[in-house]
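Enquirer: First, the structure itself, so that you have it in front of you.
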Amino acid sequence: MAATRSSAYRRYFRRHIGFTVIYLAAIALASWQVPDDARPSLGTVLIALLPGLAVVGWIWSMGRLLVELDDEYMRMLEVRKFIIATGSTLAVVNVWGIIELYTAVPRLPVFFVFPLWCLGLGIGGIANRLSFGHDTGRCR
Amino acid sequence: MRNRLKVLRAERDWSQQALADLLAVSRQSVNAIETGKYDPSLPLAFRIADVFGLKIEEIFLRD
């Protein structure tokens, strides 16, 4: 039933594209409505919150993929990617954070944690290829 | 864990994709199980046994 596997991926990509459209629209709205030096207010925080909600949507869609994947081997490959991405992100942000404590290196904005995690998914995909000869073909 | 999937498949002249379709999994799954890179769960092992009409221990062997 390869169809079941691909239908889980089809749903995932559909959701992912939907949240990407929302994210881009929310970023455009926030950039248009909120000046760079805006003071925190209910309005600016609410507008700035919208792109973050789209990111929550991406994370939710990844979680749903794990739930909906019927193929246990493909699910295992995805879970390995998640674990490698989480481990590598924790390693990078914590090592960089300690360097920040002791030296005057630039601060790493927390905004970059999720993109770093997505980069970790790519590393996980490479690890899957090296260990099993295949990957799920999905980077995010 | 070793297995006799490749031999059993050859006896029936099934491709990896044909077996994957019968098991409702991807071809990559069949390949990973066949080459010993992935040990299937007990429910999947039972499905494999059912497809071949054999007992699990006639397909999967201890190292």
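By order in the structure tokens, chains are A, B, ...; within a chain, residues start at 1; ligands start at 1, following the order shown.
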Excluding region 18-22 of chain B and its own-chain neighbours fewer than 4 positions away, which residues fall within 12 Å of it when counting only C-alpha atoms? Please give them as a PyMOL selection string.
Expert: (chain A and resi 1-5+71+73) or (chain B and resi 5-6+8-10+12-14+26-34+44+47-52)
Enquirer: Give me every alpha helix (DSSP H) residue in chain A, going by DSSP on the backbone, as a count of residues only.
Expert: 110
Enquirer: List every residue of chain B that DSSP, applied to the backbone of this structure, assigns to strand (DSSP E), and report them as an MDAnalysis selection string.
Expert: chainID B and resid 2:3 60:61
Enquirer: Output C-alpha atoms for every residue in that selection, as a PDB file, in the first residue's frame.
Expert:
```
ATOM      1  CA  ARG B   2      18.754 -13.011   9.314  1.00  0.00           C
ATOM      2  CA  ASN B   3      15.845 -13.728   6.977  1.00  0.00           C
ATOM      3  CA  PHE B  60      13.274 -14.937  10.209  1.00  0.00           C
ATOM      4  CA  LEU B  61      16.254 -16.682  11.764  1.00  0.00           C
TER       5      LEU B  61
END
```
Enquirer: Given the choices B:Glu11, B:Leu23, B:Arg4, B:Ser41, which gets closest to Ile59 (chain B) if the distance is worked out from only C-alpha atoms?
Expert: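 Among the listed residues, the smallest separation from Ile59 (chain B) belongs to B:Arg4.
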Enquirer: With only C-alpha atoms as the counted atoms, please give the residues lying no more than 9 Å from Ala48 (chain A), apart from itself and same-chain residues fewer than 4 positions off, as a list in words.
Expert: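 Close residues of Ala48 (chain A): Ala26, Ile27, Leu29, Ala30, Ser31, Val34, Gly43, Thr44 and Gly52 of chain A.
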Enquirer: Create the file for the chosen residues now, containing N, CA and C atoms and written as a PDB file, in the first residue's frame.
Expert:
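Now in part05.pdb:
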```pdb
ATOM      1  N   ALA A  26       2.021  36.687   6.678  1.00  0.00           N
ATOM      2  CA  ALA A  26       2.150  37.277   8.014  1.00  0.00           C
ATOM      3  C   ALA A  26       3.439  38.086   8.137  1.00  0.00           C
ATOM      4  N   ILE A  27       4.521  37.587   7.527  1.00  0.00           N
ATOM      5  CA  ILE A  27       5.800  38.323   7.541  1.00  0.00           C
ATOM      6  C   ILE A  27       5.630  39.645   6.771  1.00  0.00           C
ATOM      7  N   LEU A  29       2.848  41.297   6.299  1.00  0.00           N
ATOM      8  CA  LEU A  29       1.986  42.172   7.100  1.00  0.00           C
ATOM      9  C   LEU A  29       2.772  42.812   8.249  1.00  0.00           C
ATOM     10  N   ALA A  30       3.563  41.992   8.948  1.00  0.00           N
ATOM     11  CA  ALA A  30       4.332  42.501  10.089  1.00  0.00           C
ATOM     12  C   ALA A  30       5.370  43.524   9.625  1.00  0.00           C
ATOM     13  N   SER A  31       6.039  43.242   8.506  1.00  0.00           N
ATOM     14  CA  SER A  31       7.066  44.166   8.003  1.00  0.00           C
ATOM     15  C   SER A  31       6.430  45.491   7.576  1.00  0.00           C
ATOM     16  N   VAL A  34       4.569  47.009  11.261  1.00  0.00           N
ATOM     17  CA  VAL A  34       5.349  47.240  12.486  1.00  0.00           C
ATOM     18  C   VAL A  34       6.722  47.811  12.127  1.00  0.00           C
ATOM     19  N   GLY A  43      -1.062  45.604  19.987  1.00  0.00           N
ATOM     20  CA  GLY A  43      -1.196  45.506  18.532  1.00  0.00           C
ATOM     21  C   GLY A  43       0.054  44.948  17.871  1.00  0.00           C
ATOM     22  N   THR A  44       1.227  45.494  18.229  1.00  0.00           N
ATOM     23  CA  THR A  44       2.472  45.030  17.576  1.00  0.00           C
ATOM     24  C   THR A  44       2.774  43.579  17.948  1.00  0.00           C
ATOM     25  N   GLY A  52       4.760  33.507  13.875  1.00  0.00           N
ATOM     26  CA  GLY A  52       5.102  32.456  14.838  1.00  0.00           C
ATOM     27  C   GLY A  52       4.060  31.351  14.847  1.00  0.00           C
TER      28      GLY A  52
END
```
Enquirer: So which one's closest to Ser131 (chain A), B:Ala45, B:Tyr38, B:Asp63, B:Glu57? Using only C-alpha atoms, please.
Expert: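 Closest residue, counting only C-alpha atoms: B:Tyr38.
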Enquirer: Just the residues within 9 Å of Trp117 (chain A), please, counting only C-alpha atoms, with nothing from its chain fewer than 2 positions along; format it as a list of chain:residue names.
Expert: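 The filter keeps A:Phe82, A:Ile84, A:Ala85, A:Thr86, A:Gly87, A:Ser88, A:Thr89, A:Leu90, A:Phe112, A:Val113, A:Phe114, A:Pro115, A:Leu119, A:Gly120, A:Leu121, A:Gly122.
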Enquirer: Next, dump the selected residues to file, keeping only N, CA and C atoms, as a PDB file, in the first residue's frame.
Expert:
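In the end it all went to part.pdb:
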```
ATOM      1  N   PHE A  82      14.390  13.540  13.072  1.00  0.00           N
ATOM      2  CA  PHE A  82      13.949  14.446  14.142  1.00  0.00           C
ATOM      3  C   PHE A  82      14.951  14.418  15.308  1.00  0.00           C
ATOM      4  N   ILE A  84      18.155  13.492  15.276  1.00  0.00           N
ATOM      5  CA  ILE A  84      19.444  14.083  14.885  1.00  0.00           C
ATOM      6  C   ILE A  84      19.317  15.603  14.808  1.00  0.00           C
ATOM      7  N   ALA A  85      18.194  16.091  14.281  1.00  0.00           N
ATOM      8  CA  ALA A  85      17.978  17.539  14.188  1.00  0.00           C
ATOM      9  C   ALA A  85      17.914  18.157  15.581  1.00  0.00           C
ATOM     10  N   THR A  86      17.203  17.489  16.505  1.00  0.00           N
ATOM     11  CA  THR A  86      17.083  18.019  17.866  1.00  0.00           C
ATOM     12  C   THR A  86      18.433  18.018  18.570  1.00  0.00           C
ATOM     13  N   GLY A  87      19.168  16.929  18.445  1.00  0.00           N
ATOM     14  CA  GLY A  87      20.478  16.839  19.089  1.00  0.00           C
ATOM     15  C   GLY A  87      21.452  17.869  18.555  1.00  0.00           C
ATOM     16  N   SER A  88      21.490  18.011  17.219  1.00  0.00           N
ATOM     17  CA  SER A  88      22.456  18.955  16.639  1.00  0.00           C
ATOM     18  C   SER A  88      22.068  20.402  16.975  1.00  0.00           C
ATOM     19  N   THR A  89      20.754  20.698  17.027  1.00  0.00           N
ATOM     20  CA  THR A  89      20.325  22.059  17.382  1.00  0.00           C
ATOM     21  C   THR A  89      20.687  22.379  18.828  1.00  0.00           C
ATOM     22  N   LEU A  90      20.392  21.436  19.734  1.00  0.00           N
ATOM     23  CA  LEU A  90      20.745  21.655  21.139  1.00  0.00           C
ATOM     24  C   LEU A  90      22.244  21.859  21.294  1.00  0.00           C
ATOM     25  N   PHE A 112      16.588  31.926  15.103  1.00  0.00           N
ATOM     26  CA  PHE A 112      17.331  30.989  14.257  1.00  0.00           C
ATOM     27  C   PHE A 112      17.277  29.547  14.757  1.00  0.00           C
ATOM     28  N   VAL A 113      16.658  29.311  15.913  1.00  0.00           N
ATOM     29  CA  VAL A 113      16.626  27.943  16.446  1.00  0.00           C
ATOM     30  C   VAL A 113      15.867  26.997  15.492  1.00  0.00           C
ATOM     31  N   PHE A 114      14.704  27.423  15.019  1.00  0.00           N
ATOM     32  CA  PHE A 114      13.925  26.544  14.131  1.00  0.00           C
ATOM     33  C   PHE A 114      14.624  26.313  12.781  1.00  0.00           C
ATOM     34  N   PRO A 115      15.135  27.392  12.121  1.00  0.00           N
ATOM     35  CA  PRO A 115      15.900  27.121  10.895  1.00  0.00           C
ATOM     36  C   PRO A 115      17.090  26.185  11.125  1.00  0.00           C
ATOM     37  N   LEU A 119      17.840  22.596   9.375  1.00  0.00           N
ATOM     38  CA  LEU A 119      19.143  22.216   8.824  1.00  0.00           C
ATOM     39  C   LEU A 119      19.554  20.847   9.379  1.00  0.00           C
ATOM     40  N   GLY A 120      19.235  20.634  10.649  1.00  0.00           N
ATOM     41  CA  GLY A 120      19.515  19.337  11.285  1.00  0.00           C
ATOM     42  C   GLY A 120      18.758  18.202  10.621  1.00  0.00           C
ATOM     43  N   LEU A 121      17.545  18.488  10.106  1.00  0.00           N
ATOM     44  CA  LEU A 121      16.794  17.453   9.375  1.00  0.00           C
ATOM     45  C   LEU A 121      17.574  17.016   8.138  1.00  0.00           C
ATOM     46  N   GLY A 122      18.212  17.998   7.496  1.00  0.00           N
ATOM     47  CA  GLY A 122      19.044  17.685   6.321  1.00  0.00           C
ATOM     48  C   GLY A 122      20.213  16.792   6.708  1.00  0.00           C
TER      49      GLY A 122
END
```
Enquirer: Please identify all polymer residues within 12 Å of Val79 (chain A), counting only C-alpha atoms, omitting same-chain residues fewer than 2 positions from it, and present them as a list in words.
Expert: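 Counting only C-alpha atoms, the residues come to Met62, Gly63, Leu65, Leu66, Val67, Leu69, Glu72, Tyr73, Met74, Arg75, Met76, Leu77, Lys81, Phe82, Ile83, Ile84, Ala85, Thr86, Leu121, Gly124, Gly125, Asn128, Asp135 and Thr136 of chain A.
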